[in-house]
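Engineer: Below are the structure tokens for one structure; questions will follow.
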Amino acid sequence: MVVTAQRTPLYDEHVRLGAQMTNFSGWVMPLQYSSIREEHRAVREAVGLFDLSHMGELSVTDEHLAQRVVSRDLAKLRTGHAQYAMLCNERGGIIDDVLVYSMADGSHFLVVNAGNQDSDFDWVRSRAPSPLVGEGRGGGSRELVLNVGRDWALLGVQGPHAVALVQRLSDQDLSALRYYAFVEGKVAGVAAIISRTGYTGEDGFEIFCANRDAPGLWRTLLEEGDGDGIRPAGLGARDTLRLEAGLRLYGNDMDADTNPLEAGLDWTLSLDNDFIGRDAILRAREQGLTRVLAGLRMLDRSIPRHGYPVVNGAERVGVVTSGNVSFTLGYNIAMAYLPPALATVGARLGVDVRGTVAPAEVVALPFYKRPRPQ
Amino acid sequence: MPDLSAMRFSQSHEWVKREGDAATVGISEYAQSQLGDVIYLELPKVDQALEVGGRLGVIESVKAASDLYSPVAGQVSEVNQELKDHPEYVNQDPYGKGWIIKLRGVKDNPALLDQKAYDAFVQGQSGS
């Protein structure tokens with residue numbers, strides 16, 4: 001079987017900008033354009049532009065189905081708002097982490113990880129009541145779940161100058177748009193869903209539009225954002241930014257064998273709701289957790305990386321799931337699974353860096369929080 | 001662009017510049033561009049003996065940790081202490097202030113490539 005890496009509608013833009021491309025979850029994506037450090041800094045201090053079109057989107061038109069597969073109480077999610085939530089299997093393991101959007105037509109729009117979009121679709125569909133089509137509004141039939149990720153482009157505009165930049169190009173009043181709210185409107189003349197969300201720890205937007213409109217919108221944002229210090233930013237900076245912000249990466253920091261309590265994602269669970277995996281999560285809570293995700297600050301210059309063991313004296317006690325330099329903080333940081341008794345702020349542990357134990361200290365997550373506007 | 005004619009290159013992308021039986025070692029422009037932002041180097045101790053292809057240290061970029069290999073045999077006489085605080089020198093000036101170690105008692109390694117042969121080798125690696 002020949003697996004061809006998929007391209008987003010912005011592929012040619014990345015090549016034109018001289019990006020170093022990489023294969024990510026079956027997609028050929030920009031890793032960096034100039035320097036991860038510079039792109040990271042642009043997002044923290046000015047504004048960065050990301051191609052997130054590889055992300056998947058599912059449209060779930062059946063409310064009961066959406067409620068059954070998503071870890072949060074969707075009755076409390078108002079139209080025009082989004083929430084971070086888990087999809088769990090029956091064992092309480094995380095199948096994916098998603099953003100759930102409550103749409104004006106009553107459907108729910110799930111933004112899922114690129115590499116999971118087809119398996120998520122199959123999984124949600126397998127939990128649907130049969131037949132897979134229900135009665136649509138006006139009497140026609142409708143699919144209960146649609147896999148629409150490849151129909152949508154997604155651009156991230158992130159950083160302290162993001163709101164002003166997108167506002168200048170939009171017909172909507174975006175200053176009134178609260179964090180985790182979204183609105184349908186135009187950006188640079190392009191029909192879009194403008195969502196005040198992100199994966200960088202900064203304010204900004206994620207803008208959904210049709211594939212055909214994406215290159216024009218991308219170029220306009222770069223041109224119009226020139227005075228704001230905009231830079232295109234690749235997956236490299238996306239990873240260092242999300243790590244500083246303590247945001248988990250699916251496949252690195254959690255997977256189908258991790259339950260949300262271990263991953264420190266209790267706040268994404270509406271445990272009064274009977275979602276798939278709830279009972280297993282309640283049992284795990286009752287039995288007590290054997291590991292939890294914690295933050296580590298390195299006390300020397302060693303770089304912790306995914307898979308490196310965490311040690312307490314001579315004993316191996318845990319494992320690093322994500323680690324790197326923190327450009328913003330000026331030291332090196334990691335997320336690691338640790339026994340709960342050791343996951344206390346200030347605890348001194350070590351990370352086994354290629355055979356040498358480097359000292360580390362448990363710190364609170366997130367590592368970095370943006371300054372709140374006055 | 002510095003004069004690279006006096007430099008020799010390994011297929012693992014280190015360069016070496018001989019001065020008598022002493023030499024300076026670093027990584028090539030192509031190597032730094034592939035690694036991206038260098039954030040840390042694990043370097044050998046002075047006096048450590050290195051064989052051709054022997055591991056001389058580790059270079060870490062944001063993306064990954066990679067081994068460095070000695071392009072020639074010799075003894076470490078100096079390591080670039082500046083890189084502790086400024087690992088980005090390797091990106092900014094790989095043939096100048098981004099040098100990594102100096103060696104003494106260096107023996108010739110005829111398998112190394114001159115600039116032209118190295119450029120052709122890199123073309124063959126990246127061009128597809």
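In the structure tokens, each chain is lettered A, B, ... as it comes, each chain's residues begin at 1, and ligands are numbered from 1 in order of appearance.
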Skipping near chain neighbours, those fewer than 3 positions away, what residues fall within 9 Å of B:Val58 using only C-alpha atoms, listed as a ChimeraX atom specification?
Structural biologist: /B:40-43,55,65-69
Engineer: Deliver the residues from the most recent selection as a file, using C-alpha atoms, as a PDB file, in the first residue's frame.
Structural biologist:
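part_20.pdb, written as the output of this step:
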```pdb
ATOM      1  CA  TYR B  40      22.114  22.815  23.850  1.00  0.00           C
ATOM      2  CA  LEU B  41      25.384  20.989  23.178  1.00  0.00           C
ATOM      3  CA  GLU B  42      26.839  18.180  25.211  1.00  0.00           C
ATOM      4  CA  LEU B  43      30.581  18.456  24.571  1.00  0.00           C
ATOM      5  CA  ARG B  55      30.994  10.218  19.192  1.00  0.00           C
ATOM      6  CA  ALA B  65      18.896  15.410  19.909  1.00  0.00           C
ATOM      7  CA  SER B  66      21.556  14.275  17.408  1.00  0.00           C
ATOM      8  CA  ASP B  67      24.971  12.696  17.890  1.00  0.00           C
ATOM      9  CA  LEU B  68      28.080  14.476  16.678  1.00  0.00           C
ATOM     10  CA  TYR B  69      30.925  12.405  15.242  1.00  0.00           C
TER      11      TYR B  69
END
```
Engineer: Taking only C-alpha atoms into account, report as a VMD selection string which residues of chain B lie within 9 Å of chain A.
Structural biologist: chain B and resid 34 36 to 37 39 to 40 42 60 62 to 65 84
Engineer: Include N, CA and C atoms and write out the residues we just selected as a compact mmCIF listing (two decimals), in the first residue's frame.
Structural biologist:
```txt
# COMPACT_ATOMS: atom_id res chain seq x y z
N GLN B 34 19.20 21.96 8.74
CA GLN B 34 18.34 20.80 8.96
C GLN B 34 17.95 20.66 10.43
N GLY B 36 17.74 23.07 12.66
CA GLY B 36 16.97 24.18 13.20
C GLY B 36 17.60 24.68 14.48
N ASP B 37 16.84 25.49 15.21
CA ASP B 37 17.38 26.20 16.38
C ASP B 37 18.11 25.28 17.35
N ILE B 39 19.76 24.45 20.77
CA ILE B 39 19.49 24.95 22.13
C ILE B 39 20.45 24.39 23.18
N TYR B 40 21.21 23.39 22.84
CA TYR B 40 22.11 22.81 23.85
C TYR B 40 23.13 21.91 23.16
N GLU B 42 26.14 19.00 24.22
CA GLU B 42 26.84 18.18 25.21
C GLU B 42 28.21 17.90 24.60
N GLU B 60 21.63 19.40 20.47
CA GLU B 60 20.17 19.38 20.61
C GLU B 60 19.57 20.62 19.97
N VAL B 62 15.56 22.31 18.89
CA VAL B 62 14.20 22.22 19.41
C VAL B 62 13.57 20.90 18.97
N LYS B 63 13.94 20.47 17.76
CA LYS B 63 13.30 19.29 17.19
C LYS B 63 13.80 17.98 17.79
N ALA B 64 15.11 17.86 18.01
CA ALA B 64 15.64 16.54 18.35
C ALA B 64 17.06 16.64 18.89
N ALA B 65 17.50 15.55 19.50
CA ALA B 65 18.90 15.41 19.91
C ALA B 65 19.61 14.57 18.86
N LYS B 84 27.86 27.44 25.44
CA LYS B 84 27.04 27.19 26.63
C LYS B 84 25.94 28.22 26.74
```
Engineer: Taking the DSSP secondary structure from the backbone, can you list the residues of stretch 79-242 of chain A that are helix (DSSP H, G or I), as a ChimeraX atom specification?
Structural biologist: /A:114-126,137-139,149-151,162-169,174-176,211-224,226-228,235-242
Engineer: Which residues are close to B:Asp93, i.e. within 12 Å by only C-alpha atoms, leaving aside same-chain residues fewer than 2 positions away? Reply as a PyMOL selection string.
Structural biologist: chain B and resi 1-2+26-33+38+83+86-91+95-100
Engineer: Would you pick out the contacts of A:Arg127 at 12 Å or less, using only C-alpha atoms, so that residues sharing its chain but fewer than 2 positions from it are not included, and give the list as a PyMOL selection string?
Structural biologist: chain A and resi 60+62+64-70+87-90+120-125+129-132+144-145+275-276
Engineer: With only C-alpha atoms as the counted atoms, please give the residues lying no more than 10 Å from B:Ser70, apart from itself and same-chain residues fewer than 4 positions off, as JSON, numbers by chain.
Structural biologist: {"B": [10, 12, 14, 15, 16, 25, 26, 50, 51, 52, 53, 54, 55, 56, 57, 74, 101, 103]}
Engineer: Those selected residues, please, written with C-alpha atoms and delivered as an mmCIF file, in the first residue's frame.
Structural biologist:
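Once written, part-v9.cif looks like this:
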```cif
data_model
loop_
_atom_site.group_PDB
_atom_site.id
_atom_site.type_symbol
_atom_site.label_atom_id
_atom_site.label_comp_id
_atom_site.auth_asym_id
_atom_site.auth_seq_id
_atom_site.Cartn_x
_atom_site.Cartn_y
_atom_site.Cartn_z
ATOM 1 C CA SER B 10 32.234 14.190 6.670
ATOM 2 C CA SER B 12 27.655 13.030 8.878
ATOM 3 C CA GLU B 14 30.824 17.826 10.396
ATOM 4 C CA TRP B 15 33.556 20.058 8.994
ATOM 5 C CA VAL B 16 37.206 20.085 9.968
ATOM 6 C CA VAL B 25 35.634 21.023 14.091
ATOM 7 C CA GLY B 26 32.065 22.200 13.609
ATOM 8 C CA LEU B 50 38.603 10.727 19.626
ATOM 9 C CA GLU B 51 38.695 8.223 16.783
ATOM 10 C CA VAL B 52 37.396 8.874 13.289
ATOM 11 C CA GLY B 53 33.618 8.557 13.550
ATOM 12 C CA GLY B 54 33.808 8.465 17.349
ATOM 13 C CA ARG B 55 30.994 10.218 19.192
ATOM 14 C CA LEU B 56 32.224 13.619 20.246
ATOM 15 C CA GLY B 57 28.992 14.871 21.770
ATOM 16 C CA GLY B 74 42.934 13.399 17.667
ATOM 17 C CA ILE B 101 35.874 21.729 19.402
ATOM 18 C CA LEU B 103 41.819 18.965 18.404
#
```
Engineer: Mind checking which residues fall within 8 Å of B:Arg8, counting only C-alpha atoms, ignoring those fewer than 6 positions away in the same chain, and posting them as a VMD selection string?
Structural biologist: chain B and resid 15 to 17 112 to 115
Engineer: Let me make sure I understand: among A:Arg231, A:Leu217, A:His81, A:Leu146, which one has the smallest atom-to-atom distance to A:Ala181 if we use only C-alpha atoms?
Structural biologist: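 Closest candidate: A:His81.
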Engineer: Any idea what's packed within 8 Å of A:Ala42, counting only C-alpha atoms, ignoring anything in its chain fewer than 2 positions away? Could you give it as a list in words?
Structural biologist: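 Neighbouring residues, sequence-local ones excluded: Glu38, Glu39, His40, Arg44, Glu45, Ala46, Val47, Gly48, Gly159, Gly229, Ile230 and Arg231 of chain A.
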Engineer: What are the DSSP strand (DSSP E) residues of stretch 15-169 of chain A, as a PyMOL selection string?
Structural biologist: chain A and resi 20-24+27-32+47-51+56-60+82-88+94-102+108-112+133-135+141-143+145-147+152-158
Engineer: Looking at only C-alpha atoms, which of B:Ala23, B:Val72, B:Val79, B:Leu4 is the one that sits closest to B:Pro44?
Structural biologist: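 Under the stated criterion, the closest residue is B:Val79.
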